[in-house]
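What follows is one structure encoded as structure tokens, with my remarks underneath.
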Amino acid sequence: MKNSERPIGIFDSGLGGLTVFKELRSLLPGEDLVYFGDTARVPYGTKSAEAVLSFSKEITSFLLGKKIKFLIVACNTASSLALEEIRKLSPVPVMGVIQPGAEAALKAVSAGGRVLVTGTSATVNSRAYSRALAGAGRGIKVTEKACPLFVPLVEEGWCSKPAAALTAREYLAPFRGKADVLILGCTHYPLLKKVIARVMGPRTKIVDSARAAAVSARNELAGLGLLNRARRGRSEFIVSDAPDRFSELAFKLLKIRTGRVAVKRF
Ligand code: DGL
């Protein structure tokens, strides 16, 4: 099999990375995609760096066993805490979601502008977005805000219920009118984009790290000569627990039909 014909591996702590999967599927219809969701150990956002690193390494080894050509860490928390270590372990190129999200934000903001990063507690505490944005040297003022209740709201399928609007107001109303760009720095948050945008008001641009990651993956694969355009790509889904719930939520939240979901326990 040619290198370009091998699948792309994607992993997340659970189903949130499906927002990246969905963007990738529409941008790269010819690719085979293998998605792993660590549903037995989600959430990562409240765990220690050591735990997230150890889970990420296990999943990387598992996906490498599937002969992938490229790995996407479609979890902001794992990208913040484990990306460098995963790269050391992997013979294939590895991409995280922080750098693409930060680059998309930099395109949307002028020098000296204000960026608000939202994410899990672990992502915010790691300051990974702040570092990526400061690296551009454009004097961007960055504030980071953890919004830990967003993940369970999404997993409950409550994205358009009053509870979602109430929670978004509680976390973000103090920043209304005070950010030029808001980064959705967690894979679940694109599903709350409407309620978040409503709280922030019309002057704040919302940057979706899932979309940015998919575009960046396509560009990187093209640069490496690894794009596969030959035919209609297949999708494979594997989780560490509760495959039926994963499949139901994938359809309910993102209209993704997973078919049979396999289970791999560590
Ligand atoms: N996938 C995680 C992220 O993007 C959110 C869910 C979790 O806490 O595991 O940060």
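FYI, nothing fancy with the structure tokens labels: chains A, B, ... in order, residues from 1 per chain, ligands from 1 as they appear.
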
Taking the chain letters and numbering used in this document, name the residues of region 27-153 of chain A that DSSP puts in helix (DSSP H, G or I), as an MDAnalysis selection string. chainID A and resid 27 49:64 76:89 98:108 121:126 128:134 150:153

List the spatial neighbours of Leu133 (chain A) as a PDB file with all heavy atoms, in the first residue's frame - criterion: any atom at most 8 Å away, only C-alpha atoms, same-chain residues fewer than 2 positions off excluded.
```pdb
ATOM      1  N   ALA A 102      -4.647  28.980  17.243  1.00  0.00           N
ATOM      2  CA  ALA A 102      -3.965  30.251  17.518  1.00  0.00           C
ATOM      3  C   ALA A 102      -3.706  31.004  16.202  1.00  0.00           C
ATOM      4  O   ALA A 102      -3.897  32.234  16.135  1.00  0.00           O
ATOM      5  CB  ALA A 102      -2.649  29.985  18.256  1.00  0.00           C
ATOM      6  N   GLU A 103      -3.300  30.277  15.167  1.00  0.00           N
ATOM      7  CA  GLU A 103      -3.040  30.950  13.882  1.00  0.00           C
ATOM      8  C   GLU A 103      -4.316  31.560  13.294  1.00  0.00           C
ATOM      9  O   GLU A 103      -4.299  32.666  12.756  1.00  0.00           O
ATOM     10  CB  GLU A 103      -2.420  29.962  12.884  1.00  0.00           C
ATOM     11  CG  GLU A 103      -0.933  29.764  13.144  1.00  0.00           C
ATOM     12  CD  GLU A 103      -0.348  28.558  12.428  1.00  0.00           C
ATOM     13  OE1 GLU A 103      -0.983  28.030  11.498  1.00  0.00           O
ATOM     14  OE2 GLU A 103       0.762  28.149  12.822  1.00  0.00           O
ATOM     15  N   LEU A 106      -4.964  34.701  15.118  1.00  0.00           N
ATOM     16  CA  LEU A 106      -4.042  35.778  14.722  1.00  0.00           C
ATOM     17  C   LEU A 106      -4.467  36.415  13.400  1.00  0.00           C
ATOM     18  O   LEU A 106      -4.297  37.617  13.202  1.00  0.00           O
ATOM     19  CB  LEU A 106      -2.611  35.240  14.611  1.00  0.00           C
ATOM     20  CG  LEU A 106      -1.933  34.965  15.962  1.00  0.00           C
ATOM     21  CD1 LEU A 106      -0.678  34.135  15.795  1.00  0.00           C
ATOM     22  CD2 LEU A 106      -1.617  36.273  16.693  1.00  0.00           C
ATOM     23  N   TYR A 129      -2.300  28.213  24.703  1.00  0.00           N
ATOM     24  CA  TYR A 129      -2.749  29.210  23.708  1.00  0.00           C
ATOM     25  C   TYR A 129      -2.021  30.537  23.911  1.00  0.00           C
ATOM     26  O   TYR A 129      -1.634  31.189  22.944  1.00  0.00           O
ATOM     27  CB  TYR A 129      -4.265  29.417  23.790  1.00  0.00           C
ATOM     28  CG  TYR A 129      -5.064  28.430  22.967  1.00  0.00           C
ATOM     29  CD1 TYR A 129      -5.754  27.393  23.551  1.00  0.00           C
ATOM     30  CD2 TYR A 129      -5.102  28.544  21.576  1.00  0.00           C
ATOM     31  CE1 TYR A 129      -6.479  26.485  22.789  1.00  0.00           C
ATOM     32  CE2 TYR A 129      -5.825  27.646  20.800  1.00  0.00           C
ATOM     33  CZ  TYR A 129      -6.507  26.626  21.412  1.00  0.00           C
ATOM     34  OH  TYR A 129      -7.219  25.740  20.646  1.00  0.00           O
ATOM     35  N   SER A 130      -1.845  30.931  25.174  1.00  0.00           N
ATOM     36  CA  SER A 130      -1.144  32.204  25.433  1.00  0.00           C
ATOM     37  C   SER A 130       0.250  32.167  24.826  1.00  0.00           C
ATOM     38  O   SER A 130       0.697  33.128  24.203  1.00  0.00           O
ATOM     39  CB  SER A 130      -1.027  32.457  26.938  1.00  0.00           C
ATOM     40  OG  SER A 130      -2.288  32.766  27.458  1.00  0.00           O
ATOM     41  N   ARG A 131       0.944  31.027  25.013  1.00  0.00           N
ATOM     42  CA  ARG A 131       2.306  30.907  24.463  1.00  0.00           C
ATOM     43  C   ARG A 131       2.286  30.967  22.943  1.00  0.00           C
ATOM     44  O   ARG A 131       3.082  31.660  22.317  1.00  0.00           O
ATOM     45  CB  ARG A 131       2.959  29.603  24.924  1.00  0.00           C
ATOM     46  CG  ARG A 131       3.530  29.655  26.334  1.00  0.00           C
ATOM     47  CD  ARG A 131       4.526  28.527  26.561  1.00  0.00           C
ATOM     48  NE  ARG A 131       3.931  27.219  26.310  1.00  0.00           N
ATOM     49  CZ  ARG A 131       3.167  26.556  27.184  1.00  0.00           C
ATOM     50  NH1 ARG A 131       2.951  27.072  28.378  1.00  0.00           N
ATOM     51  NH2 ARG A 131       2.638  25.387  26.885  1.00  0.00           N
ATOM     52  N   GLY A 135       3.952  33.969  20.769  1.00  0.00           N
ATOM     53  CA  GLY A 135       5.033  33.610  19.832  1.00  0.00           C
ATOM     54  C   GLY A 135       5.005  34.454  18.570  1.00  0.00           C
ATOM     55  O   GLY A 135       6.033  34.649  17.919  1.00  0.00           O
ATOM     56  N   ALA A 136       3.818  34.963  18.209  1.00  0.00           N
ATOM     57  CA  ALA A 136       3.706  35.761  16.979  1.00  0.00           C
ATOM     58  C   ALA A 136       4.279  37.166  17.178  1.00  0.00           C
ATOM     59  O   ALA A 136       4.511  37.892  16.205  1.00  0.00           O
ATOM     60  CB  ALA A 136       2.242  35.854  16.556  1.00  0.00           C
ATOM     61  N   GLY A 137       4.490  37.567  18.434  1.00  0.00           N
ATOM     62  CA  GLY A 137       5.104  38.862  18.729  1.00  0.00           C
ATOM     63  C   GLY A 137       4.308  40.062  18.223  1.00  0.00           C
ATOM     64  O   GLY A 137       4.886  41.042  17.774  1.00  0.00           O
ATOM     65  N   ILE A 140      -0.506  40.899  21.188  1.00  0.00           N
ATOM     66  CA  ILE A 140      -1.908  40.541  21.433  1.00  0.00           C
ATOM     67  C   ILE A 140      -2.117  40.385  22.940  1.00  0.00           C
ATOM     68  O   ILE A 140      -1.309  39.771  23.626  1.00  0.00           O
ATOM     69  CB  ILE A 140      -2.242  39.186  20.744  1.00  0.00           C
ATOM     70  CG1 ILE A 140      -1.853  39.188  19.260  1.00  0.00           C
ATOM     71  CG2 ILE A 140      -3.697  38.802  20.954  1.00  0.00           C
ATOM     72  CD1 ILE A 140      -2.680  40.044  18.392  1.00  0.00           C
ATOM     73  N   VAL A 142      -3.940  38.560  25.749  1.00  0.00           N
ATOM     74  CA  VAL A 142      -4.665  37.290  25.846  1.00  0.00           C
ATOM     75  C   VAL A 142      -5.217  37.085  27.254  1.00  0.00           C
ATOM     76  O   VAL A 142      -4.507  37.258  28.238  1.00  0.00           O
ATOM     77  CB  VAL A 142      -3.734  36.101  25.506  1.00  0.00           C
ATOM     78  CG1 VAL A 142      -4.530  34.797  25.470  1.00  0.00           C
ATOM     79  CG2 VAL A 142      -3.019  36.331  24.176  1.00  0.00           C
TER      80      VAL A 142
END
```

Could I get the residue neighbourhood of ligand 1 at 8 Å, counting only C-alpha atoms and all ligand atoms, as a list in words? Asp12, Ser13, Gly14, Leu15, Gly16, Gly17, Val42, Pro43, Tyr44, Gly45, Thr46, Ala74, Cys75, Asn76, Thr77, Ala78, Gly119, Thr120, Ala122, Thr123, Pro148, Val151, Gly185, Cys186, Thr187 and His188 of chain A

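By chain and then residue number, the residues within 7 Å of region 224-240 of chain A are Asn3, Ser4, Glu5, Pro29, Gly30, Glu31, Asp32, Leu33, Val34, Tyr35, Phe36, Gly37, Asp38, Thr39, Ala40, Thr258, Val261, Ala262, Val263, Lys264 and Arg265 of chain A, counting only C-alpha atoms and disregarding those fewer than 5 positions away in sequence.
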
What would the file look like if the residues just selected were written as a short mmCIF file (atom, residue, chain, number, x, y, z; two decimals), in the first residue's frame with all heavy atoms?
```
data_model
loop_
_atom_site.label_atom_id
_atom_site.label_comp_id
_atom_site.auth_asym_id
_atom_site.auth_seq_id
_atom_site.Cartn_x
_atom_site.Cartn_y
_atom_site.Cartn_z
N ASN A 3 2.08 5.03 0.82
CA ASN A 3 1.94 5.80 2.05
C ASN A 3 0.68 6.65 2.06
O ASN A 3 -0.02 6.74 3.06
CB ASN A 3 3.14 6.72 2.21
CG ASN A 3 4.15 6.12 3.15
OD1 ASN A 3 3.89 5.07 3.75
ND2 ASN A 3 5.30 6.76 3.27
N SER A 4 0.41 7.30 0.91
CA SER A 4 -0.73 8.21 0.85
C SER A 4 -2.06 7.48 1.03
O SER A 4 -3.07 8.09 1.36
CB SER A 4 -0.73 8.98 -0.48
OG SER A 4 -0.85 8.06 -1.54
N GLU A 5 -2.07 6.17 0.81
CA GLU A 5 -3.34 5.42 0.92
C GLU A 5 -3.63 4.95 2.34
O GLU A 5 -4.70 4.42 2.62
CB GLU A 5 -3.31 4.20 -0.03
CG GLU A 5 -3.42 4.62 -1.47
CD GLU A 5 -3.17 3.49 -2.43
OE1 GLU A 5 -2.92 2.35 -2.00
OE2 GLU A 5 -3.19 3.76 -3.64
N PRO A 29 -12.68 14.12 1.44
CA PRO A 29 -13.59 12.97 1.28
C PRO A 29 -12.89 11.68 0.84
O PRO A 29 -13.43 10.60 1.02
CB PRO A 29 -14.58 13.45 0.20
CG PRO A 29 -13.93 14.62 -0.46
CD PRO A 29 -12.98 15.23 0.53
N GLY A 30 -11.67 11.79 0.31
CA GLY A 30 -10.99 10.59 -0.19
C GLY A 30 -10.20 9.84 0.87
O GLY A 30 -9.68 8.76 0.63
N GLU A 31 -10.09 10.41 2.07
CA GLU A 31 -9.22 9.81 3.08
C GLU A 31 -9.94 8.76 3.93
O GLU A 31 -11.10 8.92 4.27
CB GLU A 31 -8.71 10.90 4.05
CG GLU A 31 -7.91 11.99 3.41
CD GLU A 31 -6.54 11.53 2.92
OE1 GLU A 31 -6.05 10.47 3.36
OE2 GLU A 31 -5.96 12.25 2.08
N ASP A 32 -9.20 7.72 4.32
CA ASP A 32 -9.69 6.81 5.34
C ASP A 32 -9.36 7.44 6.70
O ASP A 32 -8.22 7.85 6.93
CB ASP A 32 -8.98 5.45 5.24
CG ASP A 32 -9.45 4.66 4.02
OD1 ASP A 32 -10.49 5.03 3.44
OD2 ASP A 32 -8.76 3.70 3.65
N LEU A 33 -10.35 7.51 7.57
CA LEU A 33 -10.15 8.15 8.88
C LEU A 33 -10.43 7.12 9.98
O LEU A 33 -11.46 6.44 9.95
CB LEU A 33 -11.12 9.33 9.05
CG LEU A 33 -11.08 10.43 7.97
CD1 LEU A 33 -12.16 11.49 8.27
CD2 LEU A 33 -9.71 11.10 7.91
N VAL A 34 -9.50 7.01 10.92
CA VAL A 34 -9.72 6.14 12.09
C VAL A 34 -9.81 7.05 13.31
O VAL A 34 -8.85 7.74 13.65
CB VAL A 34 -8.54 5.18 12.31
CG1 VAL A 34 -8.87 4.22 13.46
CG2 VAL A 34 -8.22 4.39 11.06
N TYR A 35 -10.97 7.05 13.95
CA TYR A 35 -11.21 7.94 15.10
C TYR A 35 -11.22 7.12 16.38
O TYR A 35 -11.93 6.12 16.49
CB TYR A 35 -12.58 8.62 14.93
CG TYR A 35 -12.91 9.59 16.05
CD1 TYR A 35 -12.65 10.94 15.90
CD2 TYR A 35 -13.48 9.15 17.24
CE1 TYR A 35 -12.95 11.84 16.94
CE2 TYR A 35 -13.78 10.02 18.27
CZ TYR A 35 -13.51 11.37 18.11
OH TYR A 35 -13.80 12.25 19.12
N PHE A 36 -10.45 7.56 17.37
CA PHE A 36 -10.50 6.92 18.68
C PHE A 36 -11.01 7.91 19.73
O PHE A 36 -10.45 9.01 19.89
CB PHE A 36 -9.11 6.40 19.10
CG PHE A 36 -9.17 5.66 20.40
CD1 PHE A 36 -9.40 4.30 20.41
CD2 PHE A 36 -9.08 6.32 21.62
CE1 PHE A 36 -9.54 3.60 21.62
CE2 PHE A 36 -9.21 5.64 22.83
CZ PHE A 36 -9.43 4.28 22.82
N GLY A 37 -12.04 7.53 20.45
CA GLY A 37 -12.59 8.36 21.54
C GLY A 37 -12.41 7.63 22.87
O GLY A 37 -12.89 6.50 23.03
N ASP A 38 -11.73 8.28 23.80
CA ASP A 38 -11.41 7.62 25.07
C ASP A 38 -12.57 7.76 26.07
O ASP A 38 -12.43 8.34 27.15
CB ASP A 38 -10.11 8.21 25.64
CG ASP A 38 -9.49 7.31 26.69
OD1 ASP A 38 -10.05 6.23 26.96
OD2 ASP A 38 -8.43 7.70 27.23
N THR A 39 -13.71 7.20 25.69
CA THR A 39 -14.95 7.40 26.46
C THR A 39 -14.90 6.81 27.87
O THR A 39 -15.68 7.20 28.73
CB THR A 39 -16.13 6.80 25.69
OG1 THR A 39 -15.75 5.48 25.25
CG2 THR A 39 -16.48 7.62 24.47
N ALA A 40 -13.98 5.87 28.10
CA ALA A 40 -13.87 5.30 29.45
C ALA A 40 -13.23 6.29 30.42
O ALA A 40 -13.46 6.21 31.61
CB ALA A 40 -13.06 4.01 29.40
N THR A 258 -22.18 6.67 12.52
CA THR A 258 -20.91 5.98 12.76
C THR A 258 -20.91 4.55 12.23
O THR A 258 -19.86 3.97 12.00
CB THR A 258 -20.60 5.90 14.27
OG1 THR A 258 -21.65 5.18 14.89
CG2 THR A 258 -20.45 7.27 14.87
N VAL A 261 -19.45 0.68 16.08
CA VAL A 261 -18.32 1.29 16.80
C VAL A 261 -17.61 0.18 17.58
O VAL A 261 -18.25 -0.53 18.36
CB VAL A 261 -18.81 2.40 17.77
CG1 VAL A 261 -17.65 2.98 18.57
CG2 VAL A 261 -19.53 3.52 16.99
N ALA A 262 -16.32 0.02 17.34
CA ALA A 262 -15.57 -1.04 18.03
C ALA A 262 -15.12 -0.56 19.41
O ALA A 262 -15.13 0.65 19.68
CB ALA A 262 -14.36 -1.42 17.19
N VAL A 263 -14.75 -1.50 20.27
CA VAL A 263 -14.27 -1.15 21.62
C VAL A 263 -12.85 -1.65 21.80
O VAL A 263 -12.53 -2.78 21.46
CB VAL A 263 -15.18 -1.77 22.70
CG1 VAL A 263 -14.62 -1.45 24.09
CG2 VAL A 263 -16.60 -1.24 22.57
N LYS A 264 -12.01 -0.76 22.30
CA LYS A 264 -10.64 -1.14 22.68
C LYS A 264 -10.44 -0.67 24.11
O LYS A 264 -10.55 0.53 24.40
CB LYS A 264 -9.64 -0.46 21.72
CG LYS A 264 -8.24 -0.33 22.26
CD LYS A 264 -7.50 -1.65 22.26
CE LYS A 264 -6.17 -1.51 22.97
NZ LYS A 264 -5.64 -2.80 23.40
N ARG A 265 -10.21 -1.62 25.02
CA ARG A 265 -9.97 -1.24 26.42
C ARG A 265 -8.49 -1.28 26.71
O ARG A 265 -7.78 -2.16 26.24
CB ARG A 265 -10.71 -2.19 27.37
CG ARG A 265 -12.21 -2.05 27.24
CD ARG A 265 -12.94 -2.88 28.28
NE ARG A 265 -14.28 -3.24 27.81
CZ ARG A 265 -15.33 -2.43 27.83
NH1 ARG A 265 -15.21 -1.23 28.32
NH2 ARG A 265 -16.49 -2.83 27.37
#
```

May I have all residues of region 1-132 of chain A that DSSP, computed from the backbone, assigns to strand (DSSP E), given as a count of residues only? 22

Distance criterion (only C-alpha atoms): nearest to Val181 (chain A) out of A:Arg257, A:Arg203, A:Lys161, A:Arg127: A:Arg203

With only C-alpha atoms as the atoms that count, which of A:Gly101, A:Gly259, A:Gly113, A:Pro174 lies nearest to Gly201 (chain A)?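 Closest to Gly201 (chain A), using only C-alpha atoms: A:Pro174.
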
In Å to one decimal, how far is CA of Leu184 (chain A) from CA of Ser121 (chain A)? 13.4 Å

Closest of A:Pro7, A:Gly157, A:Gly96, A:Pro202 to Ala128 (chain A) - atom-to-atom distances counting only C-alpha atoms: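 Answer, going by the shortest atom-to-atom distance: A:Gly96.
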
Of the candidates A:Lys194, A:Lys145, A:Phe150, A:Arg25, which one gets nearest to Phe175 (chain A) if we count only C-alpha atoms?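 Looking only at the distances to Phe175 (chain A), the closest residue turns out to be A:Lys145.
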
Close residues, Arg198 (chain A) itself excluded, 10 Å, only C-alpha atoms, min 5 positions apart in chain, as a list in words: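 Residues near the query, excluding close chain neighbours: Ala165, Ala168, Arg169, Ala173, Arg176, Lys193 and Thr204 of chain A.
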
Counting only C-alpha atoms, figure out which residue out of A:Ala146, A:Ile10, A:Leu249, A:Leu27 gets nearest to Ile72 (chain A).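 Checking each of A:Ala146, A:Ile10, A:Leu249, A:Leu27 against Ile72 (chain A), counting only C-alpha atoms, the winner is A:Ile10.
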